[in-house]
>>> print(open('upload_0.txt').read())   # compact mmCIF, C-alpha atoms and all ligand atoms
# COMPACT_ATOMS: atom_id res chain seq x y z
CA MET A 1 -25.73 5.53 12.95
CA THR A 2 -22.02 4.90 12.38
CA THR A 3 -20.11 7.11 9.95
CA ARG A 4 -19.74 4.07 7.71
CA ASP A 5 -23.46 3.28 7.67
CA GLN A 6 -24.28 6.91 7.00
CA ALA A 7 -21.77 6.99 4.13
CA VAL A 8 -23.33 3.91 2.55
CA ARG A 9 -26.84 5.31 2.95
CA GLU A 10 -25.82 8.62 1.40
CA ALA A 11 -23.77 6.98 -1.37
CA VAL A 12 -26.94 5.18 -2.44
CA ALA A 13 -29.21 8.21 -1.91
CA GLN A 14 -26.88 10.48 -3.90
CA GLY A 15 -26.34 7.94 -6.68
CA VAL A 16 -22.61 7.44 -6.06
CA VAL A 17 -23.59 3.79 -6.31
CA GLY A 18 -26.79 2.96 -8.14
CA PRO A 19 -28.38 1.08 -11.01
CA ARG A 20 -25.87 2.61 -13.45
CA ASN A 21 -22.74 2.68 -11.27
CA HIS A 22 -22.80 -0.71 -9.67
CA LEU A 23 -19.44 -0.50 -7.96
CA ALA A 24 -17.40 2.21 -6.24
CA GLY A 25 -14.58 2.69 -3.79
CA LEU A 26 -15.21 5.02 -0.84
CA LEU A 27 -12.57 6.71 1.29
CA ASP A 28 -13.24 8.42 4.62
CA ALA A 29 -11.12 11.61 4.55
CA ALA A 30 -11.36 12.25 8.30
CA HIS A 31 -10.29 8.69 9.01
CA ILE A 32 -7.20 9.08 6.82
CA ARG A 33 -6.32 12.29 8.69
CA ARG A 34 -6.78 10.60 12.06
CA THR A 35 -4.56 7.71 11.01
CA ALA A 36 -1.85 10.10 9.80
CA ALA A 37 -2.06 11.98 13.11
CA ALA A 38 -1.71 8.70 15.02
CA LEU A 39 1.48 7.95 13.07
CA HIS A 40 2.97 11.35 13.93
CA THR A 41 2.03 10.90 17.59
CA ALA A 42 3.67 7.47 17.72
CA PHE A 43 6.96 8.72 16.20
CA PRO A 44 7.31 12.26 17.52
CA GLY A 45 11.04 12.64 16.83
CA PRO A 46 11.98 15.84 14.98
CA GLY A 47 14.26 13.85 12.65
CA THR A 48 11.45 11.61 11.45
CA LEU A 49 10.15 11.59 7.87
CA HIS A 50 7.01 9.58 7.24
CA THR A 51 6.33 8.54 3.68
CA PHE A 52 3.36 6.69 2.24
CA ALA A 53 4.03 3.67 0.00
CA VAL A 54 2.28 4.94 -3.12
CA LYS A 55 1.57 1.46 -4.45
CA ALA A 56 -0.98 1.03 -1.65
CA ALA A 57 -3.21 3.80 -3.08
CA PRO A 58 -1.80 5.42 -6.21
CA LEU A 59 -4.36 8.22 -6.18
CA ILE A 60 -3.18 11.81 -6.46
CA PRO A 61 -5.89 13.26 -4.15
CA VAL A 62 -4.88 10.75 -1.47
CA LEU A 63 -1.20 11.68 -1.82
CA HIS A 64 -2.19 15.35 -1.67
CA LEU A 65 -4.23 14.84 1.49
CA LEU A 66 -1.40 12.89 3.11
CA ALA A 67 1.13 15.55 2.08
CA GLY A 68 -1.06 18.10 3.85
CA ALA A 69 -0.90 15.84 6.88
CA GLY A 70 2.91 15.88 6.77
CA ILE A 71 3.42 12.55 5.02
CA GLY A 72 5.58 12.22 1.91
CA CYS A 73 5.80 9.40 -0.63
CA GLU A 74 7.74 6.21 -1.09
CA VAL A 75 7.80 5.50 -4.83
CA ALA A 76 9.00 2.51 -6.81
CA SER A 77 8.45 3.42 -10.45
CA PRO A 78 8.45 6.42 -12.79
CA GLY A 79 4.64 6.30 -12.64
CA GLU A 80 4.53 6.50 -8.85
CA LEU A 81 7.10 9.29 -8.89
CA ALA A 82 4.98 11.21 -11.40
CA LEU A 83 1.92 10.86 -9.14
CA ALA A 84 3.85 12.07 -6.09
CA ARG A 85 5.14 15.08 -7.98
CA ARG A 86 1.71 15.89 -9.42
CA ALA A 87 0.32 15.76 -5.86
CA GLY A 88 2.81 18.47 -4.93
CA VAL A 89 4.98 16.35 -2.66
CA PRO A 90 8.35 18.14 -2.33
CA PRO A 91 11.37 16.12 -3.54
CA ASP A 92 12.91 16.05 -0.08
CA ARG A 93 9.82 14.12 1.10
CA ILE A 94 10.08 11.45 -1.58
CA VAL A 95 12.03 8.20 -1.31
CA LEU A 96 12.76 6.06 -4.37
CA ASP A 97 12.97 2.33 -3.76
CA SER A 98 12.56 -0.42 -6.34
CA PRO A 99 14.65 -3.41 -7.25
CA ALA A 100 14.74 -2.43 -10.94
CA LYS A 101 15.57 1.28 -11.19
CA THR A 102 16.91 2.17 -14.61
CA THR A 103 19.84 4.50 -15.13
CA ASP A 104 17.45 7.19 -16.39
CA GLU A 105 15.26 6.87 -13.30
CA LEU A 106 18.28 7.13 -11.04
CA ARG A 107 19.60 10.15 -12.93
CA GLU A 108 16.25 11.92 -12.62
CA ALA A 109 15.97 11.17 -8.91
CA LEU A 110 19.48 12.48 -8.27
CA ALA A 111 18.79 15.61 -10.31
CA HIS A 112 15.80 16.42 -8.09
CA GLY A 113 17.36 15.57 -4.74
CA ILE A 114 15.05 12.61 -4.18
CA ALA A 115 16.34 10.04 -1.70
CA VAL A 116 17.45 6.78 -3.28
CA ASN A 117 17.99 3.42 -1.67
CA ALA A 118 20.22 1.23 -3.82
CA ASP A 119 18.93 -2.30 -3.98
CA ASN A 120 22.08 -4.15 -4.98
CA ARG A 121 25.76 -3.98 -5.85
CA GLN A 122 25.18 -3.31 -9.53
CA GLU A 123 22.88 -0.41 -8.77
CA LEU A 124 25.50 1.01 -6.43
CA ALA A 125 28.03 0.85 -9.30
CA ARG A 126 25.61 2.89 -11.43
CA LEU A 127 25.28 5.39 -8.60
CA ASP A 128 29.08 5.64 -8.45
CA ARG A 129 29.05 6.73 -12.08
CA LEU A 130 26.07 9.07 -11.78
CA THR A 131 27.27 10.84 -8.64
CA GLY A 132 30.61 11.29 -10.40
CA GLU A 133 28.92 12.90 -13.42
CA ALA A 134 26.83 15.49 -11.57
CA PRO A 135 26.61 16.65 -7.97
CA THR A 136 23.42 15.72 -6.13
CA THR A 137 21.69 16.62 -2.90
CA SER A 138 19.90 13.25 -2.80
CA PRO A 139 20.43 11.26 0.37
CA ILE A 140 21.64 7.85 -0.80
CA GLY A 141 21.49 4.59 1.08
CA ILE A 142 21.58 0.85 0.58
CA ARG A 143 18.69 -1.50 1.16
CA VAL A 144 19.56 -4.58 3.12
CA ASN A 145 17.62 -7.77 3.59
CA PRO A 146 18.10 -8.75 7.23
CA GLN A 147 16.99 -12.32 6.34
CA ILE A 148 15.01 -12.74 9.52
CA GLY A 149 12.40 -15.13 8.16
CA THR A 150 9.00 -15.53 6.59
CA GLY A 151 5.66 -14.19 7.73
CA SER A 152 2.45 -16.10 7.15
CA ILE A 153 2.08 -14.87 3.55
CA ALA A 154 5.12 -16.05 1.60
CA ALA A 155 4.44 -13.87 -1.45
CA LEU A 156 4.58 -10.77 0.76
CA SER A 157 7.54 -11.69 2.91
CA THR A 158 10.46 -9.46 1.96
CA ALA A 159 13.06 -10.59 4.48
CA THR A 160 13.39 -14.28 3.80
CA GLU A 161 16.72 -16.01 3.20
CA THR A 162 16.27 -15.79 -0.57
CA SER A 163 14.16 -12.61 -1.02
CA LYS A 164 14.77 -10.61 -4.18
CA PHE A 165 15.07 -7.34 -2.25
CA GLY A 166 18.19 -5.60 -1.02
CA VAL A 167 21.65 -6.87 -0.13
CA ALA A 168 21.28 -10.15 1.75
CA LEU A 169 22.92 -9.21 5.04
CA ARG A 170 23.66 -12.69 6.35
CA ASP A 171 25.13 -14.05 3.15
CA GLU A 172 28.81 -14.89 3.33
CA GLY A 173 30.94 -11.77 3.06
CA ALA A 174 27.96 -9.40 2.73
CA ARG A 175 28.50 -7.57 6.00
CA GLU A 176 32.16 -6.90 5.25
CA TRP A 177 31.24 -5.78 1.75
CA LEU A 178 28.64 -3.36 3.11
CA VAL A 179 31.02 -1.86 5.68
CA GLY A 180 33.62 -1.48 2.93
CA ALA A 181 31.09 0.08 0.53
CA PHE A 182 30.27 2.78 3.07
CA THR A 183 33.91 3.31 4.00
CA GLU A 184 34.77 3.98 0.36
CA ARG A 185 31.77 6.24 -0.27
CA PRO A 186 31.30 9.10 2.19
CA TRP A 187 28.10 10.03 0.33
CA LEU A 188 26.33 6.85 1.48
CA THR A 189 24.43 8.05 4.54
CA ARG A 190 21.44 5.77 4.88
CA LEU A 191 20.50 2.18 5.48
CA HIS A 192 17.09 0.84 4.49
CA ALA A 193 15.14 -2.29 5.29
CA HIS A 194 11.49 -3.03 4.64
CA VAL A 195 10.44 -6.14 6.51
CA GLY A 196 6.89 -7.24 5.92
CA SER A 197 4.29 -7.05 4.80
CA GLN A 198 0.85 -8.29 5.92
CA GLY A 199 1.27 -11.50 7.89
CA CYS A 200 4.66 -10.57 9.32
CA PRO A 201 4.52 -10.31 13.14
CA PRO A 202 5.80 -6.97 14.52
CA PRO A 203 8.47 -8.59 16.72
CA LEU A 204 10.00 -10.04 13.55
CA MET A 205 9.84 -6.61 11.90
CA ALA A 206 11.56 -5.08 14.93
CA GLU A 207 14.31 -7.71 14.68
CA GLY A 208 14.87 -6.55 11.11
CA VAL A 209 15.20 -2.95 12.27
CA ARG A 210 17.61 -4.05 14.99
CA ALA A 211 19.81 -5.77 12.40
CA VAL A 212 19.93 -2.57 10.32
CA TYR A 213 20.69 -0.44 13.38
CA GLU A 214 23.54 -2.73 14.42
CA LEU A 215 25.00 -2.56 10.93
CA ALA A 216 24.80 1.25 11.03
CA GLU A 217 26.61 1.27 14.37
CA GLU A 218 29.30 -1.01 12.99
CA ILE A 219 29.79 1.17 9.91
CA ASN A 220 29.95 4.35 11.98
CA ARG A 221 32.44 2.78 14.39
CA THR A 222 34.59 1.61 11.49
CA VAL A 223 34.71 4.98 9.73
CA GLY A 224 35.02 6.82 13.05
CA ARG A 225 32.12 9.24 12.49
CA GLN A 226 28.32 9.32 12.18
CA GLN A 227 28.34 8.61 8.43
CA VAL A 228 25.06 6.67 8.52
CA ARG A 229 22.71 9.36 9.72
CA THR A 230 19.32 7.98 8.71
CA LEU A 231 17.66 4.62 9.11
CA ASP A 232 14.76 3.93 6.76
CA ILE A 233 12.73 1.28 8.54
CA GLY A 234 10.23 0.67 5.72
CA GLY A 235 6.56 -0.12 6.27
CA GLY A 236 4.93 -3.50 6.62
CA LEU A 237 2.81 -3.05 9.72
CA PRO A 238 0.00 -5.62 9.41
CA VAL A 239 -3.67 -4.63 9.44
CA ASN A 240 -6.47 -6.33 11.33
CA PHE A 241 -9.02 -7.37 8.72
CA ALA A 242 -11.21 -9.19 11.27
CA SER A 243 -12.83 -6.27 13.11
CA ASP A 244 -12.92 -2.49 13.39
CA GLU A 245 -10.20 -2.57 16.02
CA VAL A 246 -6.85 -1.12 14.93
CA THR A 247 -4.26 -3.65 15.99
CA PRO A 248 -1.37 -3.38 16.12
CA THR A 249 -1.36 0.41 16.45
CA PHE A 250 1.51 2.67 15.34
CA GLU A 251 1.93 3.47 19.03
CA GLU A 252 2.41 -0.21 19.91
CA TYR A 253 4.89 -0.69 17.09
CA ALA A 254 6.88 2.39 18.11
CA ARG A 255 7.01 1.11 21.70
CA LEU A 256 8.14 -2.30 20.49
CA LEU A 257 10.88 -0.65 18.41
CA ALA A 258 12.00 1.47 21.36
CA ALA A 259 12.25 -1.68 23.48
CA THR A 260 13.98 -3.79 20.82
CA VAL A 261 16.30 -1.11 19.40
CA PRO A 262 16.76 1.51 22.17
CA GLY A 263 19.37 3.47 20.17
CA LEU A 264 16.95 4.09 17.31
CA PHE A 265 15.23 6.98 19.02
CA ASP A 266 18.10 8.53 21.01
CA GLY A 267 18.47 11.38 18.51
CA ARG A 268 21.58 10.20 16.65
CA TYR A 269 19.59 8.86 13.73
CA GLY A 270 16.95 10.34 11.51
CA VAL A 271 14.16 7.83 10.94
CA VAL A 272 12.21 7.33 7.71
CA THR A 273 9.07 5.20 7.61
CA GLU A 274 7.20 3.88 4.55
CA PHE A 275 3.85 2.58 5.73
CA GLY A 276 1.23 1.74 3.14
CA ARG A 277 -1.49 -0.65 4.19
CA SER A 278 -1.62 0.45 7.83
CA LEU A 279 -2.12 4.10 6.75
CA LEU A 280 -5.03 3.54 4.37
CA ALA A 281 -6.70 0.13 4.67
CA LYS A 282 -9.22 0.95 7.36
CA SER A 283 -10.25 4.24 5.74
CA GLY A 284 -11.74 2.60 2.68
CA MET A 285 -14.45 0.27 1.49
CA VAL A 286 -15.74 -1.14 -1.75
CA LEU A 287 -19.49 -0.80 -2.22
CA ALA A 288 -21.25 -2.95 -4.81
CA ARG A 289 -24.78 -3.72 -5.89
CA VAL A 290 -26.25 -7.20 -5.75
CA GLU A 291 -27.51 -8.04 -9.25
CA TYR A 292 -29.01 -11.50 -8.72
CA THR A 293 -29.39 -14.11 -6.06
CA LYS A 294 -29.65 -17.82 -6.73
CA SER A 295 -29.05 -21.22 -5.28
CA ALA A 296 -26.83 -23.99 -6.65
CA GLY A 297 -26.44 -27.43 -5.07
CA GLY A 298 -27.81 -26.06 -1.83
CA ARG A 299 -25.46 -23.06 -1.76
CA LEU A 300 -27.00 -19.58 -1.72
CA ILE A 301 -25.13 -17.25 -4.04
CA ALA A 302 -25.39 -13.48 -4.37
CA VAL A 303 -23.97 -12.30 -7.69
CA THR A 304 -22.58 -8.81 -7.07
CA HIS A 305 -20.50 -6.35 -9.08
CA ALA A 306 -17.45 -6.71 -6.84
CA GLY A 307 -15.14 -9.49 -7.89
CA ALA A 308 -11.59 -10.10 -9.03
CA GLN A 309 -11.47 -6.82 -10.97
CA VAL A 310 -11.34 -4.91 -7.66
CA ALA A 311 -10.58 -7.54 -5.00
CA THR A 312 -7.92 -9.43 -6.92
CA ARG A 313 -5.91 -10.70 -3.98
CA THR A 314 -8.97 -11.78 -2.04
CA VAL A 315 -10.31 -13.75 -4.99
CA PHE A 316 -7.03 -15.44 -5.89
CA ALA A 317 -5.69 -15.96 -2.36
CA PRO A 318 -8.78 -16.05 -0.13
CA GLU A 319 -6.99 -17.65 2.82
CA SER A 320 -4.46 -14.81 2.96
CA TRP A 321 -6.86 -11.95 2.22
CA PRO A 322 -10.28 -12.58 3.79
CA LEU A 323 -12.50 -9.50 3.86
CA ARG A 324 -15.38 -8.55 6.08
CA VAL A 325 -18.60 -8.13 4.13
CA LEU A 326 -21.57 -6.07 5.34
CA ALA A 327 -25.04 -6.30 3.83
CA TYR A 328 -27.13 -3.20 3.05
CA ASP A 329 -30.55 -2.97 1.46
CA ALA A 330 -31.59 -1.19 -1.74
CA GLN A 331 -31.74 2.13 0.15
CA GLY A 332 -28.34 1.56 1.71
CA ARG A 333 -29.68 0.73 5.17
CA PRO A 334 -28.04 -2.11 7.15
CA LYS A 335 -29.90 -5.32 6.32
CA ARG A 336 -31.73 -6.94 9.19
CA GLY A 337 -32.71 -10.55 9.28
CA GLU A 338 -31.33 -13.80 10.59
CA PRO A 339 -27.90 -14.41 8.97
CA VAL A 340 -27.72 -17.41 6.67
CA PRO A 341 -24.59 -18.68 4.91
CA GLN A 342 -24.31 -16.99 1.52
CA THR A 343 -21.59 -16.89 -1.06
CA VAL A 344 -20.73 -13.42 -2.30
CA ALA A 345 -19.70 -13.77 -5.94
CA GLY A 346 -18.32 -11.27 -8.43
CA PRO A 347 -19.20 -10.57 -12.07
CA CYS A 348 -16.18 -12.22 -13.71
CA CYS A 349 -16.57 -15.25 -15.93
CA PHE A 350 -14.56 -17.74 -13.95
CA ALA A 351 -15.88 -19.96 -11.20
CA GLY A 352 -13.41 -18.83 -8.56
CA ASP A 353 -14.56 -15.21 -8.68
CA LEU A 354 -15.82 -15.27 -5.10
CA ILE A 355 -15.36 -12.64 -2.41
CA ALA A 356 -16.62 -14.83 0.45
CA VAL A 357 -17.88 -18.41 0.60
CA ASP A 358 -20.77 -19.47 2.84
CA ARG A 359 -20.53 -16.27 4.86
CA PRO A 360 -23.37 -15.74 7.36
CA LEU A 361 -25.21 -12.60 6.20
CA PRO A 362 -28.79 -11.37 6.34
CA PRO A 363 -30.54 -12.80 3.25
CA LEU A 364 -29.53 -10.74 0.21
CA GLU A 365 -31.87 -9.76 -2.62
CA PRO A 366 -31.34 -8.14 -6.01
CA GLY A 367 -30.82 -4.39 -5.61
CA ASP A 368 -29.19 -4.77 -2.19
CA HIS A 369 -25.59 -3.71 -1.59
CA VAL A 370 -22.53 -5.32 -0.11
CA ALA A 371 -19.65 -3.42 1.45
CA LEU A 372 -16.16 -4.93 1.50
CA LEU A 373 -14.42 -3.39 4.48
CA ASP A 374 -10.81 -2.34 5.12
CA THR A 375 -10.13 -2.01 1.40
CA GLY A 376 -8.59 1.48 1.38
CA ALA A 377 -5.10 0.11 0.67
CA TYR A 378 -4.14 -2.02 -2.33
CA TYR A 379 -7.72 -2.62 -3.52
CA PHE A 380 -7.70 0.54 -5.66
CA SER A 381 -4.29 -0.30 -7.10
CA ASN A 382 -4.68 -3.99 -7.81
CA HIS A 383 -7.33 -3.79 -10.46
CA PHE A 384 -7.53 -6.58 -12.93
CA ALA A 385 -8.70 -6.03 -16.51
CA TYR A 386 -10.35 -9.44 -16.88
CA ASN A 387 -13.61 -9.44 -18.85
CA SER A 388 -12.87 -5.80 -19.76
CA LEU A 389 -14.55 -4.71 -16.57
CA PRO A 390 -13.85 -1.01 -16.00
CA ARG A 391 -11.85 0.31 -13.10
CA PRO A 392 -14.43 1.56 -10.62
CA GLY A 393 -14.60 5.16 -9.48
CA VAL A 394 -13.17 6.06 -6.09
CA TYR A 395 -14.86 8.76 -4.03
CA GLY A 396 -13.82 10.51 -0.86
CA TYR A 397 -16.38 11.47 1.75
CA ALA A 398 -16.77 13.61 4.80
CA SER A 399 -19.71 13.25 7.15
CA THR A 400 -21.23 15.86 9.36
CA GLU A 401 -24.36 15.49 11.45
CA GLY A 402 -26.84 13.88 9.08
CA HIS A 403 -25.06 14.76 5.85
CA THR A 404 -22.27 13.17 3.83
CA ARG A 405 -20.46 15.02 1.07
CA PHE A 406 -18.71 13.10 -1.70
CA VAL A 407 -15.91 14.20 -4.01
CA THR A 408 -14.31 12.31 -6.87
CA VAL A 409 -10.91 10.83 -6.13
CA ARG A 410 -10.70 8.84 -9.35
CA ALA A 411 -13.42 8.91 -11.99
CA PRO A 412 -14.69 5.51 -13.09
CA GLN A 413 -13.10 4.25 -16.28
CA SER A 414 -15.53 4.96 -19.14
CA LEU A 415 -16.38 2.53 -21.91
CA ASP A 416 -14.66 4.86 -24.40
CA GLU A 417 -11.46 4.81 -22.34
CA LEU A 418 -11.67 1.07 -22.03
CA VAL A 419 -12.09 0.67 -25.78
CA ALA A 420 -9.20 3.06 -26.45
CA GLU A 421 -6.93 1.20 -24.03
CA SER A 422 -7.80 -2.04 -25.76
CA GLY A 423 -6.22 -1.02 -29.06
CA ALA A 424 -9.04 0.91 -30.76
CA ASP A 425 -6.57 3.08 -32.65
CA HIS A 426 -4.87 0.01 -34.09
CA ALA A 427 -7.98 -1.98 -34.96
CA THR A 428 -6.92 -2.99 -38.48
CA GLU A 429 -3.13 -3.11 -38.23
CA LEU A 430 -2.87 -6.72 -37.15
CA SER A 431 -5.13 -7.88 -39.97
CA ALA A 432 -3.04 -5.95 -42.49
CA LEU A 433 0.16 -7.67 -41.37
CA ARG A 434 1.29 -10.29 -43.91
C1 LIG B 1 5.29 -2.11 -0.25
C2 LIG B 1 6.39 -1.40 0.43
C3 LIG B 1 6.12 -0.63 1.55
C4 LIG B 1 4.74 -0.56 2.20
O1 LIG B 1 4.36 -1.80 2.73
P1 LIG B 1 3.01 -1.89 3.59
O2 LIG B 1 2.93 -3.33 3.96
O3 LIG B 1 1.89 -1.48 2.71
O4 LIG B 1 3.16 -1.00 4.77
C5 LIG B 1 7.15 0.09 2.11
N1 LIG B 1 8.41 0.03 1.59
C6 LIG B 1 8.71 -0.72 0.52
C7 LIG B 1 10.09 -0.72 0.01
C8 LIG B 1 7.72 -1.46 -0.09
O5 LIG B 1 8.01 -2.22 -1.15
>>> encode(input="upload_0.txt", output="structure tokens")
Amino acid sequence: MTTRDQAVREAVAQGVVGPRNHLAGLLDAAHIRRTAAALHTAFPGPGTLHTFAVKAAPLIPVLHLLAGAGIGCEVASPGELALARRAGVPPDRIVLDSPAKTTDELREALAHGIAVNADNRQELARLDRLTGEAPTTSPIGIRVNPQIGTGSIAALSTATETSKFGVALRDEGAREWLVGAFTERPWLTRLHAHVGSQGCPPPLMAEGVRAVYELAEEINRTVGRQQVRTLDIGGGLPVNFASDEVTPTFEEYARLLAATVPGLFDGRYGVVTEFGRSLLAKSGMVLARVEYTKSAGGRLIAVTHAGAQVATRTVFAPESWPLRVLAYDAQGRPKRGEPVPQTVAGPCCFAGDLIAVDRPLPPLEPGDHVALLDTGAYYFSNHFAYNSLPRPGVYGYASTEGHTRFVTVRAPQSLDELVAESGADHATELSALR
């Protein structure tokens, strides 16, 4: 039995998913550790800092586990920063990116020595003021957009001609401005680019890194010393959602980078990475009960408890975010039986709430389960409050011979919490307004 099948069987046997908890996220702790180890192996340089893009799985136990595996945090909001700190990630292993950092956020980051990548000229002007007000140990850099083109998912392509992120490197005068900005500010020591994400081919990502490296070389030549000491190459490595195979691997990406940008790893530059999806996606799944099965106009439909509230991107952009679905029976055993096309629907009250359409699966029945694979990244952060469906619980597991142990990563949202978040304390105020 595979680890995954055993986890599903035990999740059902132990009631992690059952008649009263119809939906849960599951994370394989050993798989996360193996993925983190693969990242370290691929980038062995002593000057390398790996961070995890918190938005991919904003779960304190996950950040804590990754911190134990030598991986810090890339944060983009006060909330994400609070999670990283609560997980015990030291400030010198946190990087703050975000196109909309407020002055207060910047001041706090600088006070704690957290690395900051300025997104734009106006933010740099704020940093001029703040670094003048109080000394800081924060490494500070500028994010550039190498403008190398679009991947296959436009909404996730960060390095297009007109992307909202960073200083657009190829715009008229931008390069000269950047070189000048560094020349005037000896405290600017980093350059950052995040080219991705899903749908962006690695050679395109490597071109983005090359552009940043060449800019660093130009700056350092101009100022006559190694002022830019660190290159933050972002995340963005795509994930294979079509099978269990990990492709591309961190190893392959590191080799591609070494071939495309030979100077990157020659020891002159520290390297920061910010992978999100590729670190967590394949360690997680969503497990949901089938409530009903029916047929409509010749289409077989399984109504499950996994829909847009947990698989938001898949439901709203199914071409970009197809998911593999596995069928399990009421005891959590892999379903046998000749696959027939079935539509896996969610519980939300809109017609498009579909996880998969006409997907060949063994015939599903009420009480069965479906597993949505490769959902460890972004599926536990992109919840959607439609129909007041609660955020599902997320559980971590570890399997030994014949036994699987579960721990809570995030408790399911309770009805009381849901009611409170929906304005319970203010129930009459609107009516009293005249
Ligand atoms: C989202 C994001 C990442 C992580 O992207 P993945 O595709 O999940 O690897 C890294 N850096 C920045 C700045 C981001 O916005």
>>> residues_around(input="upload_0.txt", residues="Glu184 (chain A)", least_positions_apart="2", cutoff="12 Å", atoms="all atoms listed in the file", output="ChimeraX atom specification")
/A:124,128,177-182,186-189,219,222-223,227
>>> write_last_selection(input="upload_0.txt", atoms="C-alpha atoms", output="mmCIF file, in the frame of the given file")
data_model
loop_
_atom_site.group_PDB
_atom_site.id
_atom_site.type_symbol
_atom_site.label_atom_id
_atom_site.label_comp_id
_atom_site.auth_asym_id
_atom_site.auth_seq_id
_atom_site.Cartn_x
_atom_site.Cartn_y
_atom_site.Cartn_z
ATOM 1 C CA LEU A 124 25.500 1.010 -6.430
ATOM 2 C CA ASP A 128 29.080 5.640 -8.450
ATOM 3 C CA TRP A 177 31.240 -5.780 1.750
ATOM 4 C CA LEU A 178 28.640 -3.360 3.110
ATOM 5 C CA VAL A 179 31.020 -1.860 5.680
ATOM 6 C CA GLY A 180 33.620 -1.480 2.930
ATOM 7 C CA ALA A 181 31.090 0.080 0.530
ATOM 8 C CA PHE A 182 30.270 2.780 3.070
ATOM 9 C CA PRO A 186 31.300 9.100 2.190
ATOM 10 C CA TRP A 187 28.100 10.030 0.330
ATOM 11 C CA LEU A 188 26.330 6.850 1.480
ATOM 12 C CA THR A 189 24.430 8.050 4.540
ATOM 13 C CA ILE A 219 29.790 1.170 9.910
ATOM 14 C CA THR A 222 34.590 1.610 11.490
ATOM 15 C CA VAL A 223 34.710 4.980 9.730
ATOM 16 C CA GLN A 227 28.340 8.610 8.430
#
>>> residues_around(input="upload_0.txt", residues="Gly235 (chain A)", least_positions_apart="6", cutoff="6 Å", atoms="all atoms listed in the file", output="PyMOL selection string")
chain A and resi 194+274-275
>>> residues_near_point(input="upload_0.txt", point="(19.7, 11.8, 1.3)", cutoff="9 Å", atoms="only C-alpha atoms", output="VMD selection string")
chain A and resid 92 95 113 to 116 137 to 141 187 to 190 230
>>> residues_around(input="upload_0.txt", residues="Gly47 (chain A)", least_positions_apart="4", cutoff="12 Å", atoms="only C-alpha atoms", output="list in words")
His40, Phe43, Arg229, Thr230, Leu231, Asp232, Leu264, Phe265, Asp266, Gly267, Arg268, Tyr269, Gly270, Val271, Val272 and Thr273 of chain A
>>> atom_distance(input="upload_0.txt", atom1="CA of Pro322 (chain A)", atom2="CA of Gly151 (chain A)")
16.5 Å
>>> residues_around(input="upload_0.txt", residues="Leu66 (chain A)", least_positions_apart="4", cutoff="10 Å", atoms="all atoms listed in the file", output="VMD selection string")
chain A and resid 29 32 to 33 35 to 36 50 to 52 60 to 62 70 to 73 87 89 279
>>> closest_atom_pairs(input="upload_0.txt", of="chain A", to="ligand LIG 1 (chain B)", cutoff="10 Å", atoms="only C-alpha atoms and all ligand atoms", output="tab-separated table")
residue	atom	partner	partner_atom	distance
A:Thr51	CA	B:LIG1	C5	8.6
A:Phe52	CA	B:LIG1	C4	7.4
A:Ala53	CA	B:LIG1	C4	4.8
A:Val54	CA	B:LIG1	C4	8.0
A:Lys55	CA	B:LIG1	C1	6.7
A:Ala56	CA	B:LIG1	O3	5.8
A:Ala57	CA	B:LIG1	O3	9.3
A:Cys73	CA	B:LIG1	C5	9.8
A:Glu74	CA	B:LIG1	N1	6.8
A:Val75	CA	B:LIG1	C7	8.2
A:Ala76	CA	B:LIG1	O5	7.4
A:Val95	CA	B:LIG1	C7	9.2
A:Leu96	CA	B:LIG1	C7	8.5
A:Asp97	CA	B:LIG1	C7	5.6
A:Ser98	CA	B:LIG1	C7	6.8
A:Pro99	CA	B:LIG1	C7	9.0
A:Asn117	CA	B:LIG1	C7	9.1
A:Asp119	CA	B:LIG1	C7	9.8
A:Arg143	CA	B:LIG1	C7	8.7
A:Leu156	CA	B:LIG1	O2	8.3
A:Ser157	CA	B:LIG1	O2	9.6
A:Thr158	CA	B:LIG1	O5	8.3
A:Phe165	CA	B:LIG1	C7	8.6
A:Gly166	CA	B:LIG1	C7	9.5
A:His192	CA	B:LIG1	C7	8.5
A:Ala193	CA	B:LIG1	C7	7.5
A:His194	CA	B:LIG1	N1	5.3
A:Val195	CA	B:LIG1	N1	8.1
A:Gly196	CA	B:LIG1	O2	5.9
A:Ser197	CA	B:LIG1	O2	4.0
A:Gln198	CA	B:LIG1	O2	5.7
A:Gly199	CA	B:LIG1	O2	9.2
A:Cys200	CA	B:LIG1	O2	9.2
A:Asp232	CA	B:LIG1	N1	9.1
A:Ile233	CA	B:LIG1	N1	8.3
A:Gly234	CA	B:LIG1	N1	4.6
A:Gly235	CA	B:LIG1	O4	3.8
A:Gly236	CA	B:LIG1	O2	3.3
A:Leu237	CA	B:LIG1	O4	5.4
A:Pro238	CA	B:LIG1	O2	6.6
A:Val239	CA	B:LIG1	O2	8.7
A:Thr273	CA	B:LIG1	C5	7.7
A:Glu274	CA	B:LIG1	C5	4.5
A:Phe275	CA	B:LIG1	O4	3.8
A:Gly276	CA	B:LIG1	O3	3.3
A:Arg277	CA	B:LIG1	O3	3.8
A:Ser278	CA	B:LIG1	O4	5.9
A:Leu279	CA	B:LIG1	O4	7.6
A:Leu280	CA	B:LIG1	O3	8.7
A:Ala281	CA	B:LIG1	O3	9.0
A:Ala377	CA	B:LIG1	O3	7.5
A:Tyr378	CA	B:LIG1	O3	7.9
>>> closest_residue(input="upload_0.txt", among="A:Asn21, A:Thr131, A:Gln342, A:Gln147", to="Leu300 (chain A)", atoms="only C-alpha atoms")
A:Gln342
>>> atom_distance(input="upload_0.txt", atom1="CA of Glu105 (chain A)", atom2="CA of Arg121 (chain A)")
16.8 Å
